[in-house]
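Colleague: Below is the structure I would like to discuss, written out as structure tokens.
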Amino acid sequence: MKTVAAVLRAVTDRRPYGESKPMVLEEVELSGPRAGELLVRIEAAGVCHSDISVVDGSRVRPLPMALGHEAAGVVEEIGPGVKHVRVGDHVVLTFVPSCGSCAECSSGRPALCTPGALANGAGTLLHGGSVLADRDGKPIHHHLGISAFARHAVVARESAVVVPKDVPLQTAALFGCAVLTGAGAVLNTAGVRPGQSVAIFGLGGVGLASVLGAVVANAWPIVAVDPVAAKRELALQLGATAALSPEEAEKGVKELTFGGAEVTFEAAGVPAVMEAAFRATRRGGMTVAMGLPHPTRNVTLPALSFAGLGQSLVGSYMGSAAPQRDIPRYINLWKAGRMPVDRLQSATMPLDRINDAFEALAAGLAVRQVLLPHP
Ligand SMILES: [Zn+2]
Ligand SMILES: [Zn+2]
């Protein structure tokens, strides 16, 4: 079938993106679904920093690629052999298609699925190859098994979580990346317990979802750190007990947490922020890195802090999530009013505004903007 997808053909750091227009809406040929795959009509797709990281080259991916990895939609067609999904079901898409049988999946760590990571790195669907082609018949790579900045997508069954139909799809989309990653880092990776002190550095969609996770976990205090005043204000509204600028953070976190937070979270993808989060962590505490810095960057930390102070630095990919377990849980919390995920949504706009949305995110003016391919 013919559909429309936003395709990146060349890496650029030229801004504003509204003028350099790295994403081009192209008419594309979408084939399939093949065995084990679904055709999904994309109803909402969130714009995430990881999309911009592909555009500016800090996440190296094969091009051309149809971007977009945080989305929700409606199943329109089912390939052979697919179980537990029906046409008409609402699905949230997740950016690691976990195979369910590799060593990592078998160890209860589906976010680190090896075939899923290999497919994502190669820009293919989980079961191999691309089902997207341009007007000349040349293949287009898939972004994280989803390619959601499009009117339709074919995805592996493993990339989809069926969700209740009474959740607005514009809200549901955010569960696929921001919530899974941010809340998951708190609830899964760190396993924050009631009364533990936390500090969250970087208040984009992921960092603010960590604030939501910390509130659910009954952490106290919850200190939020970001250079943008409007994001600090939003963090306070979502349940952070204090919000600080980066300049105030090191001293401020230590004061507010009586010597350093027991768990700190880094959601900026910037090595200096990781180091700041580590310095704000108390003896015996844990620093959780969620951001994705450029692969050539390094962090420098006091070597003695590990054995000498019992500190640890751990990575959290996709919130150490098991999406088929976690997304329904988080949706239940949202329904109960305990995880107001819709507050992370800054704006909705038609798909053809994609470059403006990228610019607003890169400029720090938006948290989560949701693109609507069928406005
Ligand atoms: Zn993302
Ligand atoms: Zn696996």
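Here, A, B, ... name the chains of the structure tokens in the order displayed, residue numbers run from 1 inside each chain, and ligands are numbered from 1 in the same displayed order.
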Just want the 10 Å neighbourhood of A:Arg86, counted on only C-alpha atoms, with same-chain residues fewer than 4 positions away dropped. Output as a ChimeraX atom specification.
Modeller: /A:38,74-78,82,90,162
Colleague: Kindly save the residues from that selection, with N, CA and C atoms included, as a PDB file, in the first residue's frame.
Modeller:
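Listing of part_18.pdb after writing:
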ATOM      1  N   LEU A  38       2.273  -6.762  12.138  1.00  0.00           N
ATOM      2  CA  LEU A  38       0.979  -6.066  12.159  1.00  0.00           C
ATOM      3  C   LEU A  38       1.060  -4.820  11.295  1.00  0.00           C
ATOM      4  N   VAL A  74      -4.036   1.996  15.745  1.00  0.00           N
ATOM      5  CA  VAL A  74      -5.070   0.972  15.657  1.00  0.00           C
ATOM      6  C   VAL A  74      -4.610  -0.101  14.672  1.00  0.00           C
ATOM      7  N   VAL A  75      -4.752  -1.364  15.074  1.00  0.00           N
ATOM      8  CA  VAL A  75      -4.334  -2.478  14.209  1.00  0.00           C
ATOM      9  C   VAL A  75      -5.309  -2.598  13.045  1.00  0.00           C
ATOM     10  N   GLU A  76      -4.777  -2.564  11.829  1.00  0.00           N
ATOM     11  CA  GLU A  76      -5.633  -2.647  10.630  1.00  0.00           C
ATOM     12  C   GLU A  76      -5.540  -4.001   9.941  1.00  0.00           C
ATOM     13  N   GLU A  77      -4.419  -4.691  10.111  1.00  0.00           N
ATOM     14  CA  GLU A  77      -4.252  -5.976   9.417  1.00  0.00           C
ATOM     15  C   GLU A  77      -3.239  -6.797  10.203  1.00  0.00           C
ATOM     16  N   ILE A  78      -3.391  -8.114  10.139  1.00  0.00           N
ATOM     17  CA  ILE A  78      -2.537  -9.002  10.924  1.00  0.00           C
ATOM     18  C   ILE A  78      -1.891 -10.019   9.996  1.00  0.00           C
ATOM     19  N   VAL A  82       0.205 -14.477  13.841  1.00  0.00           N
ATOM     20  CA  VAL A  82       0.194 -13.524  14.959  1.00  0.00           C
ATOM     21  C   VAL A  82      -0.889 -13.911  15.947  1.00  0.00           C
ATOM     22  N   HIS A  90      -6.350  -1.410  19.911  1.00  0.00           N
ATOM     23  CA  HIS A  90      -5.453  -0.262  20.092  1.00  0.00           C
ATOM     24  C   HIS A  90      -4.120  -0.771  20.637  1.00  0.00           C
ATOM     25  N   VAL A 162      -1.035  -4.313  23.426  1.00  0.00           N
ATOM     26  CA  VAL A 162      -2.460  -3.994  23.317  1.00  0.00           C
ATOM     27  C   VAL A 162      -2.888  -3.228  24.565  1.00  0.00           C
TER      28      VAL A 162
END
Colleague: Applying 10 Å and only C-alpha atoms, which residues near A:Arg9 remain after dropping the ones on its own chain fewer than 6 positions away? List them as a list in words.
Modeller: Pro22, Met23, Val24, Val55, Pro62, Leu63, Pro64, Met65, Ala66 and Ile140 of chain A
Colleague: Mind dumping the selected residues with N, CA and C atoms as a PDB file, in the first residue's frame?
Modeller:
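File selection.pdb, as written:
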ATOM      1  N   PRO A  22      15.227  18.766   7.974  1.00  0.00           N
ATOM      2  CA  PRO A  22      15.848  17.443   7.780  1.00  0.00           C
ATOM      3  C   PRO A  22      14.835  16.330   7.505  1.00  0.00           C
ATOM      4  N   MET A  23      13.622  16.465   8.026  1.00  0.00           N
ATOM      5  CA  MET A  23      12.612  15.423   7.825  1.00  0.00           C
ATOM      6  C   MET A  23      11.741  15.804   6.631  1.00  0.00           C
ATOM      7  N   VAL A  24      11.615  14.871   5.698  1.00  0.00           N
ATOM      8  CA  VAL A  24      10.803  15.123   4.504  1.00  0.00           C
ATOM      9  C   VAL A  24       9.670  14.111   4.451  1.00  0.00           C
ATOM     10  N   VAL A  55      18.959  12.690  13.851  1.00  0.00           N
ATOM     11  CA  VAL A  55      19.073  13.783  12.880  1.00  0.00           C
ATOM     12  C   VAL A  55      20.453  14.440  12.969  1.00  0.00           C
ATOM     13  N   PRO A  62      21.657   3.739  10.087  1.00  0.00           N
ATOM     14  CA  PRO A  62      21.712   3.678   8.624  1.00  0.00           C
ATOM     15  C   PRO A  62      20.614   4.546   7.998  1.00  0.00           C
ATOM     16  N   LEU A  63      20.970   5.265   6.954  1.00  0.00           N
ATOM     17  CA  LEU A  63      20.031   6.147   6.260  1.00  0.00           C
ATOM     18  C   LEU A  63      19.807   5.625   4.832  1.00  0.00           C
ATOM     19  N   PRO A  64      18.722   5.996   4.181  1.00  0.00           N
ATOM     20  CA  PRO A  64      17.611   6.777   4.716  1.00  0.00           C
ATOM     21  C   PRO A  64      16.827   5.982   5.750  1.00  0.00           C
ATOM     22  N   MET A  65      16.246   6.701   6.680  1.00  0.00           N
ATOM     23  CA  MET A  65      15.482   6.056   7.744  1.00  0.00           C
ATOM     24  C   MET A  65      14.192   6.850   7.973  1.00  0.00           C
ATOM     25  N   ALA A  66      13.102   6.128   8.169  1.00  0.00           N
ATOM     26  CA  ALA A  66      11.833   6.744   8.559  1.00  0.00           C
ATOM     27  C   ALA A  66      11.803   6.765  10.083  1.00  0.00           C
ATOM     28  N   ILE A 140      13.895   1.751   2.638  1.00  0.00           N
ATOM     29  CA  ILE A 140      14.074   2.769   3.678  1.00  0.00           C
ATOM     30  C   ILE A 140      14.178   2.013   5.002  1.00  0.00           C
TER      31      ILE A 140
END
Colleague: What residues have any atom no more than 6 Å from ligand 1 when counting only C-alpha atoms and all ligand atoms, and can you list them as a list in words?
Modeller: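 Residues satisfying the distance criterion: Cys48, Ser50 and Cys177 of chain A.
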Colleague: Taking only C-alpha atoms and all ligand atoms into account, produce a table as a tab-separated table in which each residue of chain A with an atom at most 9 Å from an atom of ligand 2 appears once, together with its shortest atom pair and the distance in Å to one decimal, ordered by chain and rising number.
Modeller:
residue	atom	partner	partner_atom_place_in_ligand_line	distance
A:Pro97	CA	ligand 2	1 (Zn)	7.9
A:Ser98	CA	ligand 2	1 (Zn)	4.7
A:Cys99	CA	ligand 2	1 (Zn)	3.9
A:Gly100	CA	ligand 2	1 (Zn)	4.7
A:Ser101	CA	ligand 2	1 (Zn)	5.1
A:Cys102	CA	ligand 2	1 (Zn)	4.0
A:Ala103	CA	ligand 2	1 (Zn)	6.7
A:Glu104	CA	ligand 2	1 (Zn)	5.8
A:Cys105	CA	ligand 2	1 (Zn)	4.3
A:Ser106	CA	ligand 2	1 (Zn)	7.2
A:Arg109	CA	ligand 2	1 (Zn)	8.3
A:Pro110	CA	ligand 2	1 (Zn)	5.9
A:Ala111	CA	ligand 2	1 (Zn)	8.2
A:Leu112	CA	ligand 2	1 (Zn)	7.2
A:Cys113	CA	ligand 2	1 (Zn)	3.7
A:Thr114	CA	ligand 2	1 (Zn)	5.4
A:Pro115	CA	ligand 2	1 (Zn)	5.8
A:Gly116	CA	ligand 2	1 (Zn)	6.3
A:Ala117	CA	ligand 2	1 (Zn)	8.7
Colleague: Taking N, CA and C atoms for each residue, export the selection above as a CSV table (one decimal), in the first residue's frame.
Modeller:
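The resulting result.csv:
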chain,number,residue,atom,x,y,z
A,97,PRO,N,11.9,-4.4,20.2
A,97,PRO,CA,11.0,-5.6,20.0
A,97,PRO,C,11.7,-6.8,20.6
A,98,SER,N,11.2,-7.2,21.8
A,98,SER,CA,11.9,-8.3,22.6
A,98,SER,C,11.5,-9.6,22.0
A,99,CYS,N,12.5,-10.5,21.7
A,99,CYS,CA,12.2,-11.7,21.0
A,99,CYS,C,11.6,-12.7,21.9
A,100,GLY,N,11.8,-12.6,23.2
A,100,GLY,CA,11.2,-13.5,24.2
A,100,GLY,C,12.0,-14.8,24.5
A,101,SER,N,13.1,-15.0,23.7
A,101,SER,CA,13.8,-16.3,23.9
A,101,SER,C,15.3,-16.2,23.9
A,102,CYS,N,15.9,-15.0,23.8
A,102,CYS,CA,17.4,-14.9,23.8
A,102,CYS,C,17.8,-14.9,25.3
A,103,ALA,N,19.1,-14.9,25.5
A,103,ALA,CA,19.6,-15.0,26.9
A,103,ALA,C,19.1,-13.8,27.8
A,104,GLU,N,19.1,-12.6,27.2
A,104,GLU,CA,18.6,-11.5,28.0
A,104,GLU,C,17.1,-11.5,28.3
A,105,CYS,N,16.3,-11.9,27.2
A,105,CYS,CA,14.9,-12.0,27.5
A,105,CYS,C,14.6,-13.1,28.5
A,106,SER,N,15.4,-14.2,28.4
A,106,SER,CA,15.2,-15.3,29.3
A,106,SER,C,15.6,-15.0,30.7
A,109,ARG,N,15.3,-9.6,31.2
A,109,ARG,CA,15.7,-8.3,30.8
A,109,ARG,C,15.4,-8.0,29.4
A,110,PRO,N,14.1,-8.0,29.0
A,110,PRO,CA,13.7,-7.9,27.6
A,110,PRO,C,14.1,-6.6,27.0
A,111,ALA,N,14.3,-5.5,27.8
A,111,ALA,CA,14.8,-4.2,27.2
A,111,ALA,C,16.1,-4.4,26.6
A,112,LEU,N,16.9,-5.4,27.0
A,112,LEU,CA,18.2,-5.6,26.4
A,112,LEU,C,18.3,-6.8,25.4
A,113,CYS,N,17.1,-7.2,24.9
A,113,CYS,CA,17.0,-8.3,23.9
A,113,CYS,C,18.1,-8.1,22.8
A,114,THR,N,18.9,-9.2,22.6
A,114,THR,CA,19.9,-9.1,21.6
A,114,THR,C,19.4,-9.1,20.2
A,115,PRO,N,18.5,-10.0,19.8
A,115,PRO,CA,18.0,-9.8,18.4
A,115,PRO,C,17.3,-8.4,18.2
A,116,GLY,N,16.6,-8.0,19.2
A,116,GLY,CA,16.0,-6.7,19.2
A,116,GLY,C,17.0,-5.5,18.9
A,117,ALA,N,18.1,-5.6,19.7
A,117,ALA,CA,19.1,-4.6,19.5
A,117,ALA,C,19.8,-4.6,18.2
Colleague: How would you write, as a ChimeraX atom specification, the set of residues in stretch 36-257 of chain A that DSSP gives as helix (DSSP H, G or I)?
Modeller: /A:49-55,103-106,110-112,114-122,157-159,169-175,178-189,205-216,229-238,246-256
Colleague: Check stretch 45-262 of chain A with DSSP on the backbone and list each residue it calls strand (DSSP E or B), as JSON, numbers by chain.
Modeller: {"A": [45, 46, 47, 65, 66, 71, 72, 73, 74, 75, 76, 77, 78, 90, 91, 92, 93, 132, 133, 139, 140, 141, 142, 150, 152, 153, 154, 155, 156, 160, 161, 162, 163, 198, 199, 200, 201, 222, 223, 224, 225, 242, 243, 244, 261, 262]}
Colleague: For each of A:Leu118, A:Ala199, A:Val299, A:Ala35, take the minimum atom-to-atom distance to A:Thr257, counting only C-alpha atoms, then give the residue where this is smallest.
Modeller: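 With only C-alpha atoms as the atom set, the closest residue is A:Ala199.
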Colleague: Quick one: residues within 6 Å of A:Arg151, only C-alpha atoms counted, chain neighbours fewer than 6 positions away excluded, as a ChimeraX atom specification?
Modeller: /A:4,42,373
Colleague: Skip A:Val47 itself and residues of its chain fewer than 5 positions away, then list as number ranges by chain all residues within 10 Å of it, counting only C-alpha atoms.
Modeller: A: 52, 67-71, 148-149, 174, 177-178, 205, 354, 357-358, 361, 366-371
Colleague: Go through A:Leu256, A:Val167, A:Leu301, A:Val215 one by one, measure the shortest atom-to-atom distance of each to A:Ala276 using only C-alpha atoms, and give the residue with the smallest value.
Modeller: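 Ranked by minimum distance to A:Ala276, first place goes to A:Leu301.
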Colleague: Quick one: residues within 9 Å of A:Met274, only C-alpha atoms counted, chain neighbours fewer than 5 positions away excluded, as a list in words?
Modeller: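 My list of contacting residues is Phe201, Phe265, Glu266, Ala267, Ala268, Gly269, Arg279, Thr287, Val288, Ala289, Gly291 and Val299 of chain A.
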Colleague: So, with only C-alpha atoms as the atoms that count, which of A:Ser245, A:Thr181, A:Ser20, A:Thr189 lies closest to A:Gly202?
Modeller: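 Answer, going by the shortest atom-to-atom distance: A:Ser245.
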Colleague: Name all residues at most 12 Å from A:Ile331 (count only C-alpha atoms; drop same-chain ones fewer than 2 positions away) and give them as a ChimeraX atom specification.
Modeller: /A:92,161-169,171-176,179-180,183,323-329,333-342
Colleague: With only C-alpha atoms as the atoms that count, which of A:Glu19, A:Ser316, A:Gly260, A:Gly79 lies nearest to A:Glu359?
Modeller: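 Among the listed residues, the smallest separation from A:Glu359 belongs to A:Glu19.
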Colleague: Would you compute the distance between atom CA of A:Asp89 and atom CA of A:Ala160? Give it in Å to one decimal.
Modeller: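 Computing it gives 10.4 Å between the two atoms.
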